[in-house]
Amino acid sequence: MLTRRTLLAAAALLPMLAAGAPALADDAPLPVVASFSILGDIAREIGGDHVAVKTLVGPNGDAHVYEPTPADAKAVGAAKVLIVNGLDFESWLPRLTKSSGFKGMEVVASNGIAPRRFAADDDDGHHHDHDHDHDHDDAAQKATGAKQAHAEADDDHDEGHDHHHHHGDIDPHAWQDLANGVIYARNIAAALEKADPANGETYRRNAEAYVSTLQALDARLKKQFAAIPEAERRVVTSHDAFGYFGRAYGISFIAPVGMSTEAEPSAADIARIIDQIKRDNIRAVFVENITNTRLIDQIVRETGAKVGGNLYSDALSDEDGPAPTYVKMFEYNASELLKALPGS
């Protein structure tokens, strides 16, 4: 039988237990959701054990055509931090965020990069990047923000209809330049620190170590690709996802498909690329891990070119693959390109 003294002692413990509850909760990892695998990996590298990262579009997944699940809505609703690429890459995300009841902090990892516009084709079928001054870059960022702000209204208008994911003329694949990867890392670190200031010093320290790794790899790749004659630095890929990579490392990427894997090239587009491969004797032909090989197979049949293998563009590989992290993805892609390019 409980005595009066026992009951009083138990009652005295209640305030202590209540006071201890928040401390236990504070020790739990920060719930973070990343829109796709590359952002998820960067968040894990910086957050370490202090974050629990859920990735919506996983390894080898195609964010261009992704359809969110109820489990995704639940994860987003419970997240304290939501990490997105921006630049209109995740056109399906505003509706998911709205339906999930998300109340946390959203960080756009690409904030601060100089957006690349998709290349125009000249009569010879060559793709040209158009560099912009800061005013144009600012305008592009503002245009992107406006489109993102209206995405939710567009989604509501289109509800019940088939959805096609378009990004306008701004290339969203900014992570394909390691200098931009540095900006991504610092944006993510700043968001984690703001959401979880108690572990801010750890996030800052991890971010600077990670940035050093990215910068060293960037410098090495620039040196390696610069050693190849410029005329030999031409590559055919299955969709236009490597424009930032090409601009950073001096490589011309030619793709039969535009920025989205949903795009369907015309017969004239394919014929033009086939003619260019034959005319310029382009030998480096690659398929990406997120795309169907049908178009590349046709190009190979008609040109005799050899496929150099897979490149990882919009998604990492799984743990058993060659590109399970952002750093390893860059190392693997560069290695495959260097092996395939003449003169390397």
# chains A, B, ... in the order shown; residues from 1 in each chain; ligands from 1

call {"tool": "select_by_dssp", "arguments": {"residues": "segment 185-336 of chain A", "states": "strand (DSSP E)", "output": "PDB file with all heavy atoms, in the first residue's frame"}}
result
ATOM      1  N   ARG A 234      34.411  17.059 -76.493  1.00  0.00           N
ATOM      2  CA  ARG A 234      33.023  17.032 -76.943  1.00  0.00           C
ATOM      3  C   ARG A 234      32.395  15.710 -76.537  1.00  0.00           C
ATOM      4  O   ARG A 234      32.971  14.644 -76.770  1.00  0.00           O
ATOM      5  CB  ARG A 234      32.942  17.214 -78.461  1.00  0.00           C
ATOM      6  CG  ARG A 234      33.394  18.589 -78.909  1.00  0.00           C
ATOM      7  CD  ARG A 234      33.221  18.769 -80.392  1.00  0.00           C
ATOM      8  NE  ARG A 234      33.595  20.112 -80.810  1.00  0.00           N
ATOM      9  CZ  ARG A 234      33.485  20.562 -82.051  1.00  0.00           C
ATOM     10  NH1 ARG A 234      32.987  19.771 -82.991  1.00  0.00           N
ATOM     11  NH2 ARG A 234      33.844  21.790 -82.356  1.00  0.00           N
ATOM     12  N   VAL A 235      31.214  15.816 -75.949  1.00  0.00           N
ATOM     13  CA  VAL A 235      30.557  14.640 -75.367  1.00  0.00           C
ATOM     14  C   VAL A 235      29.079  14.659 -75.737  1.00  0.00           C
ATOM     15  O   VAL A 235      28.449  15.718 -75.707  1.00  0.00           O
ATOM     16  CB  VAL A 235      30.709  14.635 -73.824  1.00  0.00           C
ATOM     17  CG1 VAL A 235      29.993  13.443 -73.209  1.00  0.00           C
ATOM     18  CG2 VAL A 235      32.178  14.645 -73.429  1.00  0.00           C
ATOM     19  N   VAL A 236      28.524  13.497 -76.075  1.00  0.00           N
ATOM     20  CA  VAL A 236      27.090  13.359 -76.284  1.00  0.00           C
ATOM     21  C   VAL A 236      26.484  12.690 -75.058  1.00  0.00           C
ATOM     22  O   VAL A 236      26.981  11.657 -74.596  1.00  0.00           O
ATOM     23  CB  VAL A 236      26.785  12.523 -77.544  1.00  0.00           C
ATOM     24  CG1 VAL A 236      25.279  12.244 -77.659  1.00  0.00           C
ATOM     25  CG2 VAL A 236      27.274  13.248 -78.788  1.00  0.00           C
ATOM     26  N   SER A 252      32.170  20.592 -74.200  1.00  0.00           N
ATOM     27  CA  SER A 252      30.941  20.806 -74.960  1.00  0.00           C
ATOM     28  C   SER A 252      30.074  19.567 -74.854  1.00  0.00           C
ATOM     29  O   SER A 252      30.455  18.511 -75.318  1.00  0.00           O
ATOM     30  CB  SER A 252      31.315  21.004 -76.418  1.00  0.00           C
ATOM     31  OG  SER A 252      30.812  22.134 -76.939  1.00  0.00           O
ATOM     32  N   PHE A 253      28.914  19.697 -74.205  1.00  0.00           N
ATOM     33  CA  PHE A 253      27.963  18.588 -74.076  1.00  0.00           C
ATOM     34  C   PHE A 253      26.839  18.771 -75.087  1.00  0.00           C
ATOM     35  O   PHE A 253      26.252  19.848 -75.185  1.00  0.00           O
ATOM     36  CB  PHE A 253      27.383  18.525 -72.656  1.00  0.00           C
ATOM     37  CG  PHE A 253      28.330  17.958 -71.642  1.00  0.00           C
ATOM     38  CD1 PHE A 253      29.177  18.790 -70.920  1.00  0.00           C
ATOM     39  CD2 PHE A 253      28.385  16.600 -71.403  1.00  0.00           C
ATOM     40  CE1 PHE A 253      30.054  18.275 -69.977  1.00  0.00           C
ATOM     41  CE2 PHE A 253      29.251  16.066 -70.462  1.00  0.00           C
ATOM     42  CZ  PHE A 253      30.091  16.903 -69.748  1.00  0.00           C
ATOM     43  N   ILE A 254      26.541  17.723 -75.820  1.00  0.00           N
ATOM     44  CA  ILE A 254      25.506  17.742 -76.846  1.00  0.00           C
ATOM     45  C   ILE A 254      24.447  16.727 -76.450  1.00  0.00           C
ATOM     46  O   ILE A 254      24.774  15.577 -76.143  1.00  0.00           O
ATOM     47  CB  ILE A 254      26.099  17.378 -78.222  1.00  0.00           C
ATOM     48  CG1 ILE A 254      27.255  18.324 -78.557  1.00  0.00           C
ATOM     49  CG2 ILE A 254      25.027  17.402 -79.311  1.00  0.00           C
ATOM     50  CD1 ILE A 254      28.269  17.725 -79.480  1.00  0.00           C
ATOM     51  N   ALA A 284      32.924  10.196 -77.517  1.00  0.00           N
ATOM     52  CA  ALA A 284      32.446  10.080 -76.134  1.00  0.00           C
ATOM     53  C   ALA A 284      30.926  10.207 -76.113  1.00  0.00           C
ATOM     54  O   ALA A 284      30.379  11.292 -76.279  1.00  0.00           O
ATOM     55  CB  ALA A 284      33.084  11.151 -75.261  1.00  0.00           C
ATOM     56  N   VAL A 285      30.235   9.078 -75.943  1.00  0.00           N
ATOM     57  CA  VAL A 285      28.781   9.040 -75.898  1.00  0.00           C
ATOM     58  C   VAL A 285      28.371   8.378 -74.590  1.00  0.00           C
ATOM     59  O   VAL A 285      28.827   7.274 -74.276  1.00  0.00           O
ATOM     60  CB  VAL A 285      28.194   8.253 -77.093  1.00  0.00           C
ATOM     61  CG1 VAL A 285      26.674   8.200 -77.014  1.00  0.00           C
ATOM     62  CG2 VAL A 285      28.643   8.880 -78.408  1.00  0.00           C
ATOM     63  N   PHE A 286      27.500   9.044 -73.830  1.00  0.00           N
ATOM     64  CA  PHE A 286      27.154   8.550 -72.499  1.00  0.00           C
ATOM     65  C   PHE A 286      25.650   8.536 -72.281  1.00  0.00           C
ATOM     66  O   PHE A 286      24.922   9.362 -72.817  1.00  0.00           O
ATOM     67  CB  PHE A 286      27.801   9.426 -71.416  1.00  0.00           C
ATOM     68  CG  PHE A 286      29.284   9.251 -71.295  1.00  0.00           C
ATOM     69  CD1 PHE A 286      30.149   9.999 -72.065  1.00  0.00           C
ATOM     70  CD2 PHE A 286      29.818   8.318 -70.417  1.00  0.00           C
ATOM     71  CE1 PHE A 286      31.521   9.846 -71.965  1.00  0.00           C
ATOM     72  CE2 PHE A 286      31.181   8.144 -70.309  1.00  0.00           C
ATOM     73  CZ  PHE A 286      32.044   8.906 -71.081  1.00  0.00           C
ATOM     74  N   VAL A 287      25.204   7.596 -71.456  1.00  0.00           N
ATOM     75  CA  VAL A 287      23.827   7.519 -70.996  1.00  0.00           C
ATOM     76  C   VAL A 287      23.818   7.924 -69.524  1.00  0.00           C
ATOM     77  O   VAL A 287      24.766   7.630 -68.790  1.00  0.00           O
ATOM     78  CB  VAL A 287      23.275   6.090 -71.140  1.00  0.00           C
ATOM     79  CG1 VAL A 287      21.840   6.018 -70.641  1.00  0.00           C
ATOM     80  CG2 VAL A 287      23.355   5.638 -72.588  1.00  0.00           C
ATOM     81  N   GLU A 288      22.755   8.599 -69.090  1.00  0.00           N
ATOM     82  CA  GLU A 288      22.654   8.950 -67.674  1.00  0.00           C
ATOM     83  C   GLU A 288      21.875   7.896 -66.900  1.00  0.00           C
ATOM     84  O   GLU A 288      21.057   7.183 -67.473  1.00  0.00           O
ATOM     85  CB  GLU A 288      21.973  10.308 -67.534  1.00  0.00           C
ATOM     86  CG  GLU A 288      22.850  11.431 -68.054  1.00  0.00           C
ATOM     87  CD  GLU A 288      22.022  12.610 -68.472  1.00  0.00           C
ATOM     88  OE1 GLU A 288      21.411  13.224 -67.590  1.00  0.00           O
ATOM     89  OE2 GLU A 288      21.970  12.912 -69.671  1.00  0.00           O
ATOM     90  N   VAL A 307      29.277   3.622 -76.572  1.00  0.00           N
ATOM     91  CA  VAL A 307      28.801   4.223 -75.336  1.00  0.00           C
ATOM     92  C   VAL A 307      29.866   4.055 -74.265  1.00  0.00           C
ATOM     93  O   VAL A 307      30.336   2.946 -74.005  1.00  0.00           O
ATOM     94  CB  VAL A 307      27.474   3.587 -74.884  1.00  0.00           C
ATOM     95  CG1 VAL A 307      27.032   4.160 -73.540  1.00  0.00           C
ATOM     96  CG2 VAL A 307      26.390   3.831 -75.931  1.00  0.00           C
ATOM     97  N   GLY A 308      30.237   5.174 -73.655  1.00  0.00           N
ATOM     98  CA  GLY A 308      31.294   5.129 -72.652  1.00  0.00           C
ATOM     99  C   GLY A 308      30.829   4.631 -71.295  1.00  0.00           C
ATOM    100  O   GLY A 308      31.636   4.345 -70.430  1.00  0.00           O
ATOM    101  N   GLY A 309      29.522   4.554 -71.093  1.00  0.00           N
ATOM    102  CA  GLY A 309      29.015   4.114 -69.799  1.00  0.00           C
ATOM    103  C   GLY A 309      27.994   5.096 -69.264  1.00  0.00           C
ATOM    104  O   GLY A 309      27.505   5.963 -69.978  1.00  0.00           O
ATOM    105  N   ASN A 310      27.663   4.945 -67.987  1.00  0.00           N
ATOM    106  CA  ASN A 310      26.691   5.827 -67.340  1.00  0.00           C
ATOM    107  C   ASN A 310      27.369   7.049 -66.744  1.00  0.00           C
ATOM    108  O   ASN A 310      28.469   6.955 -66.202  1.00  0.00           O
ATOM    109  CB  ASN A 310      25.972   5.091 -66.204  1.00  0.00           C
ATOM    110  CG  ASN A 310      24.844   4.224 -66.714  1.00  0.00           C
ATOM    111  OD1 ASN A 310      24.525   4.226 -67.897  1.00  0.00           O
ATOM    112  ND2 ASN A 310      24.229   3.486 -65.817  1.00  0.00           N
ATOM    113  N   LEU A 311      26.696   8.171 -66.849  1.00  0.00           N
ATOM    114  CA  LEU A 311      27.060   9.344 -66.070  1.00  0.00           C
ATOM    115  C   LEU A 311      25.925   9.607 -65.091  1.00  0.00           C
ATOM    116  O   LEU A 311      24.765   9.338 -65.379  1.00  0.00           O
ATOM    117  CB  LEU A 311      27.258  10.569 -66.972  1.00  0.00           C
ATOM    118  CG  LEU A 311      28.439  10.551 -67.939  1.00  0.00           C
ATOM    119  CD1 LEU A 311      28.470  11.858 -68.731  1.00  0.00           C
ATOM    120  CD2 LEU A 311      29.758  10.341 -67.217  1.00  0.00           C
TER     121      LEU A 311
END

call {"tool": "residues_around", "arguments": {"residues": "Lys74 of chain A", "least_positions_apart": "4", "cutoff": "12 Å", "atoms": "only C-alpha atoms", "output": "list in words"}}
result
Pro31, Val33, Lys54, Leu56, Pro68, Thr69, Pro70, Ala78, Ala79, Leu96, Thr97, Lys98, Ser99, Ser100, Gly101 and Phe102 of chain A

call {"tool": "residues_around", "arguments": {"residues": "Arg205 of chain A", "least_positions_apart": "2", "cutoff": "12 Å", "atoms": "only C-alpha atoms", "output": "number ranges by chain"}}
result
A: 45-48, 185-186, 189-190, 193, 199-203, 207-212

call {"tool": "write_last_selection", "arguments": {"atoms": "C-alpha atoms", "output": "PDB file, in the first residue's frame"}}
result
ATOM      1  CA  GLU A  45      27.830  15.375 -44.640  1.00  0.00           C
ATOM      2  CA  ILE A  46      27.282  18.673 -42.843  1.00  0.00           C
ATOM      3  CA  GLY A  47      24.752  17.574 -40.245  1.00  0.00           C
ATOM      4  CA  GLY A  48      26.333  14.277 -39.213  1.00  0.00           C
ATOM      5  CA  ALA A 185      26.948  23.434 -48.795  1.00  0.00           C
ATOM      6  CA  ARG A 186      27.157  26.841 -47.143  1.00  0.00           C
ATOM      7  CA  ALA A 189      24.938  24.686 -43.204  1.00  0.00           C
ATOM      8  CA  ALA A 190      23.482  28.136 -42.468  1.00  0.00           C
ATOM      9  CA  GLU A 193      22.557  26.272 -37.749  1.00  0.00           C
ATOM     10  CA  ASN A 199      24.914  22.482 -32.762  1.00  0.00           C
ATOM     11  CA  GLY A 200      25.826  25.437 -34.945  1.00  0.00           C
ATOM     12  CA  GLU A 201      29.559  25.168 -34.334  1.00  0.00           C
ATOM     13  CA  THR A 202      29.546  21.538 -35.495  1.00  0.00           C
ATOM     14  CA  TYR A 203      27.636  22.435 -38.663  1.00  0.00           C
ATOM     15  CA  ALA A 207      30.778  22.581 -43.730  1.00  0.00           C
ATOM     16  CA  GLU A 208      34.231  24.131 -43.964  1.00  0.00           C
ATOM     17  CA  ALA A 209      35.897  20.709 -44.089  1.00  0.00           C
ATOM     18  CA  TYR A 210      33.442  19.646 -46.792  1.00  0.00           C
ATOM     19  CA  VAL A 211      33.978  22.864 -48.752  1.00  0.00           C
ATOM     20  CA  SER A 212      37.736  22.264 -48.675  1.00  0.00           C
TER      21      SER A 212
END

call {"tool": "closest_residue", "arguments": {"among": "A:Glu336, A:Asp275, A:Asp297, A:Asp269", "to": "Tyr312 of chain A", "atoms": "only C-alpha atoms"}}
result
A:Glu336

call {"tool": "atom_distance", "arguments": {"atom1": "atom CA of Ile38 of chain A", "atom2": "atom CA of Ile296 of chain A"}}
result
24.7 Å

call {"tool": "closest_residue", "arguments": {"among": "A:Val57, A:Ala63, A:Ala219, A:Val81", "to": "Pro29 of chain A", "atoms": "only C-alpha atoms"}}
result
A:Val81

call {"tool": "atom_distance", "arguments": {"atom1": "atom CA of Arg233 of chain A", "atom2": "atom CA of Ala315 of chain A"}}
result
23.8 Å

call {"tool": "closest_residue", "arguments": {"among": "A:Leu316, A:Ala305, A:Val51, A:Ala340", "to": "Ile188 of chain A", "atoms": "only C-alpha atoms"}}
result
A:Val51

call {"tool": "atom_distance", "arguments": {"atom1": "atom CA of Pro229 of chain A", "atom2": "atom CA of Tyr332 of chain A"}}
result
21.2 Å

call {"tool": "closest_residue", "arguments": {"among": "A:Ala271, A:Leu295, A:Leu39, A:Met329", "to": "His239 of chain A", "atoms": "only C-alpha atoms"}}
result
A:Leu295
